[in-house]
>>> print(open('query18.cif').read())   # mmCIF, C-alpha atoms and all ligand atoms
data_final
loop_
_atom_site.label_atom_id
_atom_site.label_comp_id
_atom_site.auth_asym_id
_atom_site.auth_seq_id
_atom_site.Cartn_x
_atom_site.Cartn_y
_atom_site.Cartn_z
CA MET H 1 5.23 3.06 19.41
CA SER H 2 1.66 2.72 18.16
CA ASN H 3 0.63 0.34 15.38
CA ILE H 4 -0.44 3.20 13.13
CA TRP H 5 1.02 3.59 9.65
CA TYR H 6 1.14 7.24 8.66
CA LEU H 7 0.35 7.62 4.96
CA SER H 8 1.38 10.91 3.42
CA PRO H 9 0.44 11.46 -0.23
CA SER H 10 2.20 14.40 -1.88
CA ASN H 11 0.56 17.80 -1.45
CA GLN H 12 2.45 19.26 -4.43
CA SER H 13 -0.39 20.66 -6.52
CA ALA H 14 2.01 22.70 -8.69
CA ASN H 15 3.95 19.65 -9.94
CA ILE H 16 2.22 18.86 -13.22
CA GLY H 17 3.03 15.78 -15.27
CA VAL H 18 2.98 15.16 -19.01
CA ASP H 19 0.24 13.53 -21.09
CA GLY H 20 -2.65 14.85 -19.02
CA TYR H 21 -1.30 13.48 -15.74
CA GLY H 22 -2.55 16.48 -13.79
CA SER H 23 -0.80 17.23 -10.51
CA GLU H 24 1.36 15.06 -8.32
CA LYS H 25 -0.96 15.86 -5.41
CA GLU H 26 -4.04 14.72 -7.31
CA GLN H 27 -2.45 11.52 -8.59
CA MET H 28 -0.88 10.47 -5.29
CA ASN H 29 -4.20 10.96 -3.54
CA LEU H 30 -5.91 8.81 -6.18
CA LEU H 31 -3.28 6.14 -5.52
CA VAL H 32 -3.77 6.24 -1.75
CA ASP H 33 -7.56 6.12 -2.34
CA GLU H 34 -6.94 2.67 -3.80
CA ILE H 35 -4.45 1.52 -1.15
CA THR H 36 -6.54 2.14 1.96
CA PRO H 37 -9.42 -0.30 1.19
CA HIS H 38 -6.84 -3.12 1.07
CA LEU H 39 -5.50 -2.03 4.47
CA ASP H 40 -9.02 -1.82 5.90
CA ARG H 41 -9.86 -5.35 4.80
CA ALA H 42 -6.61 -6.69 6.25
CA GLY H 43 -7.09 -4.87 9.56
CA VAL H 44 -4.05 -2.59 9.29
CA SER H 45 -4.28 0.59 11.36
CA PHE H 46 -3.35 3.72 9.47
CA HIS H 47 -3.81 7.44 9.38
CA ARG H 48 -3.88 9.33 6.12
CA GLY H 49 -2.57 12.85 6.21
CA ASP H 50 -5.12 15.49 5.22
CA PRO H 51 -4.41 16.49 1.60
CA ASP H 52 -4.28 20.18 2.46
CA ILE H 53 -1.89 20.23 5.39
CA THR H 54 1.85 20.88 5.04
CA ILE H 55 4.57 18.27 5.28
CA GLN H 56 5.62 19.92 8.53
CA GLN H 57 2.14 19.26 9.91
CA ARG H 58 2.25 15.71 8.58
CA ALA H 59 5.53 14.99 10.33
CA SER H 60 4.29 16.42 13.61
CA GLU H 61 1.01 14.46 13.37
CA SER H 62 2.98 11.32 12.66
CA ASN H 63 5.17 11.98 15.72
CA ASP H 64 2.19 12.87 17.92
CA MET H 65 0.48 9.58 17.13
CA ASP H 66 3.79 7.73 17.57
CA ALA H 67 3.35 6.07 14.15
CA CYS H 68 5.05 2.74 13.53
CA PHE H 69 6.04 3.80 10.02
CA HIS H 70 5.85 6.99 7.99
CA LEU H 71 5.29 6.47 4.27
CA ALA H 72 5.21 9.35 1.80
CA PHE H 73 3.96 8.94 -1.77
CA HIS H 74 5.40 10.98 -4.62
CA SER H 75 5.92 10.97 -8.34
CA ASN H 76 9.32 11.94 -9.66
CA ALA H 77 10.55 14.64 -12.03
CA GLY H 78 13.79 15.99 -13.35
CA GLY H 79 14.40 13.11 -15.70
CA ASN H 80 14.14 15.20 -18.91
CA GLY H 81 11.44 12.87 -20.12
CA ASN H 82 13.87 9.95 -20.37
CA ALA H 83 13.72 8.51 -16.88
CA TRP H 84 11.42 5.88 -15.49
CA GLY H 85 11.26 3.39 -12.65
CA PRO H 86 10.61 3.54 -8.91
CA VAL H 87 12.92 5.17 -6.38
CA ALA H 88 12.57 4.66 -2.63
CA LEU H 89 14.29 7.23 -0.44
CA TYR H 90 15.01 6.47 3.20
CA TYR H 91 16.84 7.77 6.24
CA SER H 92 17.32 4.70 8.46
CA GLU H 93 18.05 1.03 7.88
CA ALA H 94 14.43 0.16 8.73
CA GLY H 95 13.29 2.64 6.12
CA LYS H 96 15.69 1.11 3.63
CA ARG H 97 14.42 -2.43 4.25
CA PHE H 98 10.85 -1.39 3.62
CA GLY H 99 11.85 0.70 0.61
CA GLN H 100 13.53 -2.36 -0.86
CA LYS H 101 10.29 -4.32 -0.47
CA LEU H 102 8.30 -1.57 -2.18
CA VAL H 103 10.71 -1.43 -5.10
CA GLU H 104 10.67 -5.21 -5.48
CA GLY H 105 6.87 -5.23 -5.37
CA LEU H 106 6.60 -2.57 -8.05
CA LEU H 107 9.23 -4.07 -10.35
CA ALA H 108 7.47 -7.44 -10.06
CA LEU H 109 4.57 -5.79 -11.92
CA GLY H 110 6.86 -5.45 -14.93
CA GLN H 111 7.35 -1.70 -14.39
CA GLN H 112 9.88 -0.34 -16.87
CA ASN H 113 13.01 0.81 -15.13
CA ASN H 114 16.17 2.59 -16.24
CA ARG H 115 17.43 3.73 -12.84
CA ALA H 116 21.00 2.78 -11.88
CA SER H 117 19.69 2.34 -8.34
CA ASN H 118 16.14 2.18 -7.05
CA LEU H 119 17.11 2.94 -3.46
CA GLY H 120 18.76 6.00 -2.03
CA GLN H 121 19.54 7.37 1.39
CA ASN H 122 18.42 10.97 1.81
CA LYS H 123 18.87 12.69 5.14
CA GLY H 124 17.69 16.07 3.86
CA LEU H 125 14.02 15.49 3.09
CA TYR H 126 11.75 16.89 5.80
CA GLU H 127 9.49 13.87 6.17
CA LEU H 128 12.48 11.54 6.46
CA ARG H 129 14.49 13.83 8.72
CA LYS H 130 11.79 14.99 11.12
CA THR H 131 9.79 11.82 11.66
CA LYS H 132 10.47 9.60 14.67
CA ALA H 133 9.10 6.52 12.94
CA PRO H 134 11.15 4.69 10.33
CA ALA H 135 10.29 6.47 7.12
CA CYS H 136 10.30 6.01 3.39
CA LEU H 137 9.52 8.43 0.60
CA LEU H 138 8.46 6.47 -2.44
CA GLU H 139 8.81 8.06 -5.87
CA VAL H 140 6.47 5.65 -7.62
CA ASP H 141 7.59 6.67 -11.12
CA PHE H 142 8.42 9.79 -13.16
CA HIS H 143 5.58 12.12 -14.10
CA ASP H 144 7.75 13.97 -16.65
CA SER H 145 8.11 10.96 -18.95
CA ALA H 146 5.43 9.29 -21.04
CA VAL H 147 6.61 5.86 -19.87
CA GLY H 148 6.34 6.86 -16.23
CA VAL H 149 2.94 8.50 -16.62
CA ALA H 150 1.56 5.49 -18.47
CA PHE H 151 2.58 3.27 -15.56
CA LEU H 152 1.30 5.67 -12.89
CA THR H 153 -2.11 6.18 -14.46
CA LYS H 154 -2.96 3.03 -16.40
CA ARG H 155 -1.80 0.60 -13.74
CA ARG H 156 -2.82 2.47 -10.61
CA SER H 157 -4.88 -0.37 -9.18
CA GLU H 158 -2.04 -2.86 -9.52
CA ILE H 159 0.41 -0.38 -7.99
CA ALA H 160 -1.95 0.19 -5.08
CA GLU H 161 -2.31 -3.52 -4.46
CA ALA H 162 1.46 -4.11 -4.64
CA ILE H 163 2.12 -1.32 -2.12
CA ALA H 164 -0.73 -2.47 0.12
CA ARG H 165 0.67 -6.00 0.12
CA CYS H 166 4.04 -4.68 1.33
CA ILE H 167 2.37 -2.77 4.18
CA ILE H 168 0.11 -5.67 5.13
CA GLU H 169 3.01 -8.13 5.20
CA ALA H 170 5.22 -5.78 7.22
CA ASP H 171 2.31 -5.33 9.65
CA GLY H 172 2.04 -9.09 10.13
CA LYS H 173 -1.40 -9.26 8.55
CA VAL H 174 -2.79 -11.25 5.63
CA PHE H 175 -3.94 -9.77 2.34
CA VAL H 176 -7.69 -10.21 1.91
CA PRO H 177 -8.87 -10.42 -1.73
CA ALA H 178 -10.89 -7.49 -2.96
CA THR H 179 -13.62 -9.00 -5.09
CA SER H 180 -16.44 -11.35 -4.25
CA GLU H 181 -15.11 -13.73 -6.94
CA GLU H 182 -11.71 -13.90 -5.26
CA CYS H 183 -13.27 -14.32 -1.82
CA THR H 184 -15.62 -17.01 -3.08
CA GLN H 185 -12.72 -18.89 -4.66
CA LEU H 186 -10.77 -18.71 -1.40
CA CYS H 187 -13.75 -20.06 0.53
CA LEU H 188 -14.08 -22.90 -1.98
CA ASP H 189 -10.34 -23.65 -1.88
CA TRP H 190 -10.45 -23.77 1.90
CA GLY H 191 -13.60 -25.88 1.95
CA LEU H 192 -15.54 -23.30 3.95
CA PHE H 193 -18.66 -23.57 1.83
CA ASP H 194 -19.79 -24.78 -1.55
CA LEU H 195 -22.14 -23.20 -4.03
CA SER H 196 -24.46 -26.18 -4.48
CA ASP H 197 -27.38 -24.33 -2.90
CA GLY H 198 -27.27 -21.88 -5.82
CA LEU H 199 -27.57 -18.89 -3.48
CA GLY H 200 -25.86 -15.64 -4.36
CA TRP H 201 -23.07 -13.69 -2.73
CA ASN H 202 -25.34 -11.43 -0.70
CA THR H 203 -27.29 -14.24 0.95
CA SER H 204 -27.21 -13.97 4.74
CA LEU H 205 -25.94 -16.74 6.98
CA THR H 206 -28.02 -18.14 9.80
CA ARG H 207 -26.31 -18.50 13.17
CA ARG H 208 -26.16 -22.24 12.55
CA GLU H 209 -24.37 -21.71 9.21
CA ALA H 210 -22.01 -19.18 10.74
CA SER H 211 -21.19 -21.71 13.46
CA VAL H 212 -20.38 -24.33 10.80
CA LEU H 213 -17.92 -21.89 9.24
CA VAL H 214 -16.28 -21.29 12.61
CA VAL H 215 -15.82 -25.04 13.10
CA ARG H 216 -14.32 -25.41 9.62
CA LEU H 217 -11.97 -22.49 10.22
CA LYS H 218 -10.96 -23.96 13.58
CA ASP H 219 -10.11 -27.22 11.82
CA LEU H 220 -7.90 -25.35 9.35
CA ILE H 221 -6.16 -23.46 12.15
CA VAL H 222 -5.57 -26.63 14.21
CA LYS H 223 -4.17 -28.45 11.16
CA GLU H 224 -1.85 -25.52 10.43
CA VAL H 225 -0.68 -25.33 14.07
CA ASN H 226 -0.09 -29.09 14.20
CA SER H 227 1.90 -29.03 10.95
CA GLN H 228 4.44 -26.53 12.32
ZN ZN L 301 7.04 15.01 -4.86
#
>>> encode(input="query18.cif", output="structure tokens", more="lines below")
Ligand SMILES: [Zn+2]
Amino acid sequence: MSNIWYLSPSNQSANIGVDGYGSEKEQMNLLVDEITPHLDRAGVSFHRGDPDITIQQRASESNDMDACFHLAFHSNAGGNGNAWGPVALYYSEAGKRFGQKLVEGLLALGQQNNRASNLGQNKGLYELRKTKAPACLLEVDFHDSAVGVAFLTKRRSEIAEAIARCIIEADGKVFVPATSEECTQLCLDWGLFDLSDGLGWNTSLTRREASVLVVRLKDLIVKEVNSQ
């Protein structure tokens, strides 16, 4: 098995949501657009399925690259406008475990939810049935309800971060903050540098300064190792 996560945003351009949602394909690609930078910063290996290939091609690509996990992104329908909340569909136990994490991560955002169950086994869906890797098909929320669409569109960045955090944790990596403010705060918290020189974020380090950071990081690592 490789260490590659196969990300498969819906290619269903004919599934149109309410309230100006547009298509499921468009929205799921926008979501994955916001997930992948988090994965890049954390050093997670992934492949994103081309938007215009079929799910059959996605499954065979995923199998050819021996992906470690196959994750499909969808928005739900068929709720008559009265359904909302995430649903993770899986085939195997490994898919179920990850689906559970995704659902927990989304609900922790305060996502409204009226599903009796947020997890379901489905052995019929092509991308669950035909992929060798453990797989999960996440229905992030319903695009045929106003509540679902509001969550999907207004809180996309938070959804993306929550999903990315699940992937990063499952991959054994550490989430790296996105903004310079967050990174600066982390560096201050860890004592890596202070801001007393008044220099801005884009100031370059000399080799000497970079070496000081390495020594400080080594100290942190040694303290952490010794405390275990
Ligand atoms: Zn779908």
>>> closest_residue(input="query18.cif", among="H:Ser2, H:Asn80, H:Ser8, H:Asn114", to="Met65 in chain H", atoms="all atoms listed in the file")
H:Ser2
>>> residues_near_ligand(input="query18.cif", ligand="ligand ZN 301 (chain L)", cutoff="10 Å", atoms="only C-alpha atoms and all ligand atoms", output="PyMOL selection string")
chain H and resi 9-15+23-25+28+72-77+137-140+142-143
>>> closest_residue(input="query18.cif", among="H:Gly43, H:Ala178, H:Gly81, H:Arg48", to="Asp144 in chain H", atoms="all atoms listed in the file")
H:Gly81
>>> residues_around(input="query18.cif", residues="Glu169 in chain H", least_positions_apart="3", cutoff="12 Å", atoms="only C-alpha atoms", output="number ranges by chain")
H: 38-39, 42-44, 98, 101-102, 105, 161-166, 172-176
>>> residues_around(input="query18.cif", residues="range 211-217 of chain H", least_positions_apart="3", cutoff="9 Å", atoms="all atoms listed in the file", output="list of chain:residue names")
H:Trp190, H:Gly191, H:Leu192, H:Phe193, H:Thr206, H:Arg207, H:Arg208, H:Leu220, H:Ile221, H:Val222
>>> atom_distance(input="query18.cif", atom1="CA of Asp50 in chain H", atom2="CA of Gly95 in chain H")
22.5 Å
>>> atom_distance(input="query18.cif", atom1="CA of Gly148 in chain H", atom2="CA of Gly99 in chain H")
18.8 Å
>>> closest_residue(input="query18.cif", among="H:Gln100, H:Gln27, H:Thr36, H:Asn82", to="Lys154 in chain H", atoms="only C-alpha atoms")
H:Gln27
>>> closest_residue(input="query18.cif", among="H:Leu109, H:Ile16, H:Val87, H:Ile4", to="His47 in chain H", atoms="all atoms listed in the file")
H:Ile4
>>> atom_distance(input="query18.cif", atom1="CA of Phe151 in chain H", atom2="CA of Pro177 in chain H")
22.6 Å
>>> closest_residue(input="query18.cif", among="H:Ser204, H:Asn118, H:Gln112, H:Gln185", to="Leu152 in chain H", atoms="only C-alpha atoms")
H:Gln112
>>> closest_residue(input="query18.cif", among="H:Thr179, H:Asn113, H:Thr203, H:Asn29", to="Ser145 in chain H", atoms="all atoms listed in the file")
H:Asn113
>>> decode(input="query18.cif", residues="range 83-191 of chain H", atoms="C-alpha atoms", output="compact mmCIF listing (two decimals), in the first residue's frame")
# COMPACT_ATOMS: atom_id res chain seq x y z
CA ALA H 83 -33.16 16.79 6.07
CA TRP H 84 -29.80 17.99 7.25
CA GLY H 85 -26.64 16.66 8.82
CA PRO H 86 -23.63 14.64 7.64
CA VAL H 87 -23.77 11.01 6.55
CA ALA H 88 -20.66 8.88 6.08
CA LEU H 89 -21.08 5.76 3.98
CA TYR H 90 -18.54 2.95 4.17
CA TYR H 91 -17.91 -0.61 3.08
CA SER H 92 -15.31 -1.92 5.54
CA GLU H 93 -14.62 -1.48 9.25
CA ALA H 94 -11.64 0.76 8.44
CA GLY H 95 -13.91 2.92 6.32
CA LYS H 96 -16.41 3.05 9.15
CA ARG H 97 -13.80 4.15 11.70
CA PHE H 98 -12.69 7.02 9.51
CA GLY H 99 -16.29 7.92 8.66
CA GLN H 100 -17.02 8.15 12.37
CA LYS H 101 -14.13 10.60 12.78
CA LEU H 102 -15.39 12.73 9.90
CA VAL H 103 -18.90 12.87 11.33
CA GLU H 104 -17.59 13.77 14.79
CA GLY H 105 -15.39 16.49 13.30
CA LEU H 106 -18.27 18.02 11.38
CA LEU H 107 -20.78 17.85 14.23
CA ALA H 108 -18.21 19.49 16.50
CA LEU H 109 -18.62 22.58 14.29
CA GLY H 110 -22.20 22.83 15.51
CA GLN H 111 -23.62 21.50 12.23
CA GLN H 112 -27.38 21.06 12.52
CA ASN H 113 -28.34 17.42 12.33
CA ASN H 114 -31.63 15.54 12.20
CA ARG H 115 -30.35 12.19 10.96
CA ALA H 116 -31.25 9.09 12.99
CA SER H 117 -27.78 7.80 12.13
CA ASN H 118 -24.81 9.58 10.62
CA LEU H 119 -23.07 6.38 9.56
CA GLY H 120 -24.22 3.72 7.16
CA GLN H 121 -22.75 0.67 5.50
CA ASN H 122 -23.30 0.63 1.76
CA LYS H 123 -21.85 -2.18 -0.31
CA GLY H 124 -23.51 -1.02 -3.53
CA LEU H 125 -21.79 2.28 -4.29
CA TYR H 126 -19.14 1.93 -6.99
CA GLU H 127 -16.38 3.84 -5.24
CA LEU H 128 -16.87 1.83 -2.05
CA ARG H 129 -17.30 -1.50 -3.80
CA LYS H 130 -14.54 -1.30 -6.40
CA THR H 131 -11.74 0.33 -4.44
CA LYS H 132 -9.03 -1.78 -2.83
CA ALA H 133 -8.24 0.87 -0.23
CA PRO H 134 -10.52 1.38 2.76
CA ALA H 135 -13.10 3.83 1.50
CA CYS H 136 -15.60 6.35 2.71
CA LEU H 137 -18.18 8.38 0.82
CA LEU H 138 -18.98 11.47 2.81
CA GLU H 139 -22.30 13.22 2.25
CA VAL H 140 -21.27 16.48 3.87
CA ASP H 141 -24.84 17.81 4.13
CA PHE H 142 -28.05 18.03 2.08
CA HIS H 143 -28.11 20.35 -0.92
CA ASP H 144 -31.92 20.14 -1.19
CA SER H 145 -32.54 21.88 2.13
CA ALA H 146 -31.87 25.50 3.03
CA VAL H 147 -30.28 24.42 6.32
CA GLY H 148 -27.91 22.05 4.54
CA VAL H 149 -26.98 24.54 1.83
CA ALA H 150 -26.30 27.27 4.39
CA PHE H 151 -23.86 24.97 6.16
CA LEU H 152 -22.20 23.76 2.95
CA THR H 153 -21.65 27.20 1.50
CA LYS H 154 -21.29 29.63 4.40
CA ARG H 155 -19.01 27.42 6.46
CA ARG H 156 -16.95 25.80 3.73
CA SER H 157 -13.60 26.83 5.18
CA GLU H 158 -14.40 25.38 8.58
CA ILE H 159 -15.69 22.16 7.00
CA ALA H 160 -12.50 21.89 4.95
CA GLU H 161 -10.33 22.35 8.01
CA ALA H 162 -12.32 19.80 10.04
CA ILE H 163 -12.01 17.20 7.27
CA ALA H 164 -8.34 18.00 6.72
CA ARG H 165 -7.66 17.55 10.42
CA CYS H 166 -9.20 14.06 10.30
CA ILE H 167 -7.01 13.09 7.33
CA ILE H 168 -3.87 14.60 8.85
CA GLU H 169 -4.42 12.83 12.17
CA ALA H 170 -5.16 9.49 10.50
CA ASP H 171 -1.97 9.96 8.45
CA GLY H 172 0.07 10.45 11.62
CA LYS H 173 0.92 14.05 10.76
CA VAL H 174 0.40 17.31 12.62
CA PHE H 175 -1.95 20.09 11.54
CA VAL H 176 0.01 23.20 10.57
CA PRO H 177 -1.87 26.49 11.07
CA ALA H 178 -2.84 28.31 7.91
CA THR H 179 -2.24 31.96 8.65
CA SER H 180 0.90 33.86 9.49
CA GLU H 181 -0.81 35.05 12.71
CA GLU H 182 -1.40 31.47 13.83
CA CYS H 183 2.12 30.41 12.87
CA THR H 184 3.62 33.41 14.64
CA GLN H 185 1.64 32.63 17.78
CA LEU H 186 2.83 29.03 17.69
CA CYS H 187 6.44 30.16 17.34
CA LEU H 188 5.98 32.53 20.28
CA ASP H 189 4.28 29.84 22.38
CA TRP H 190 7.12 27.45 21.66
CA GLY H 191 9.78 30.07 22.31
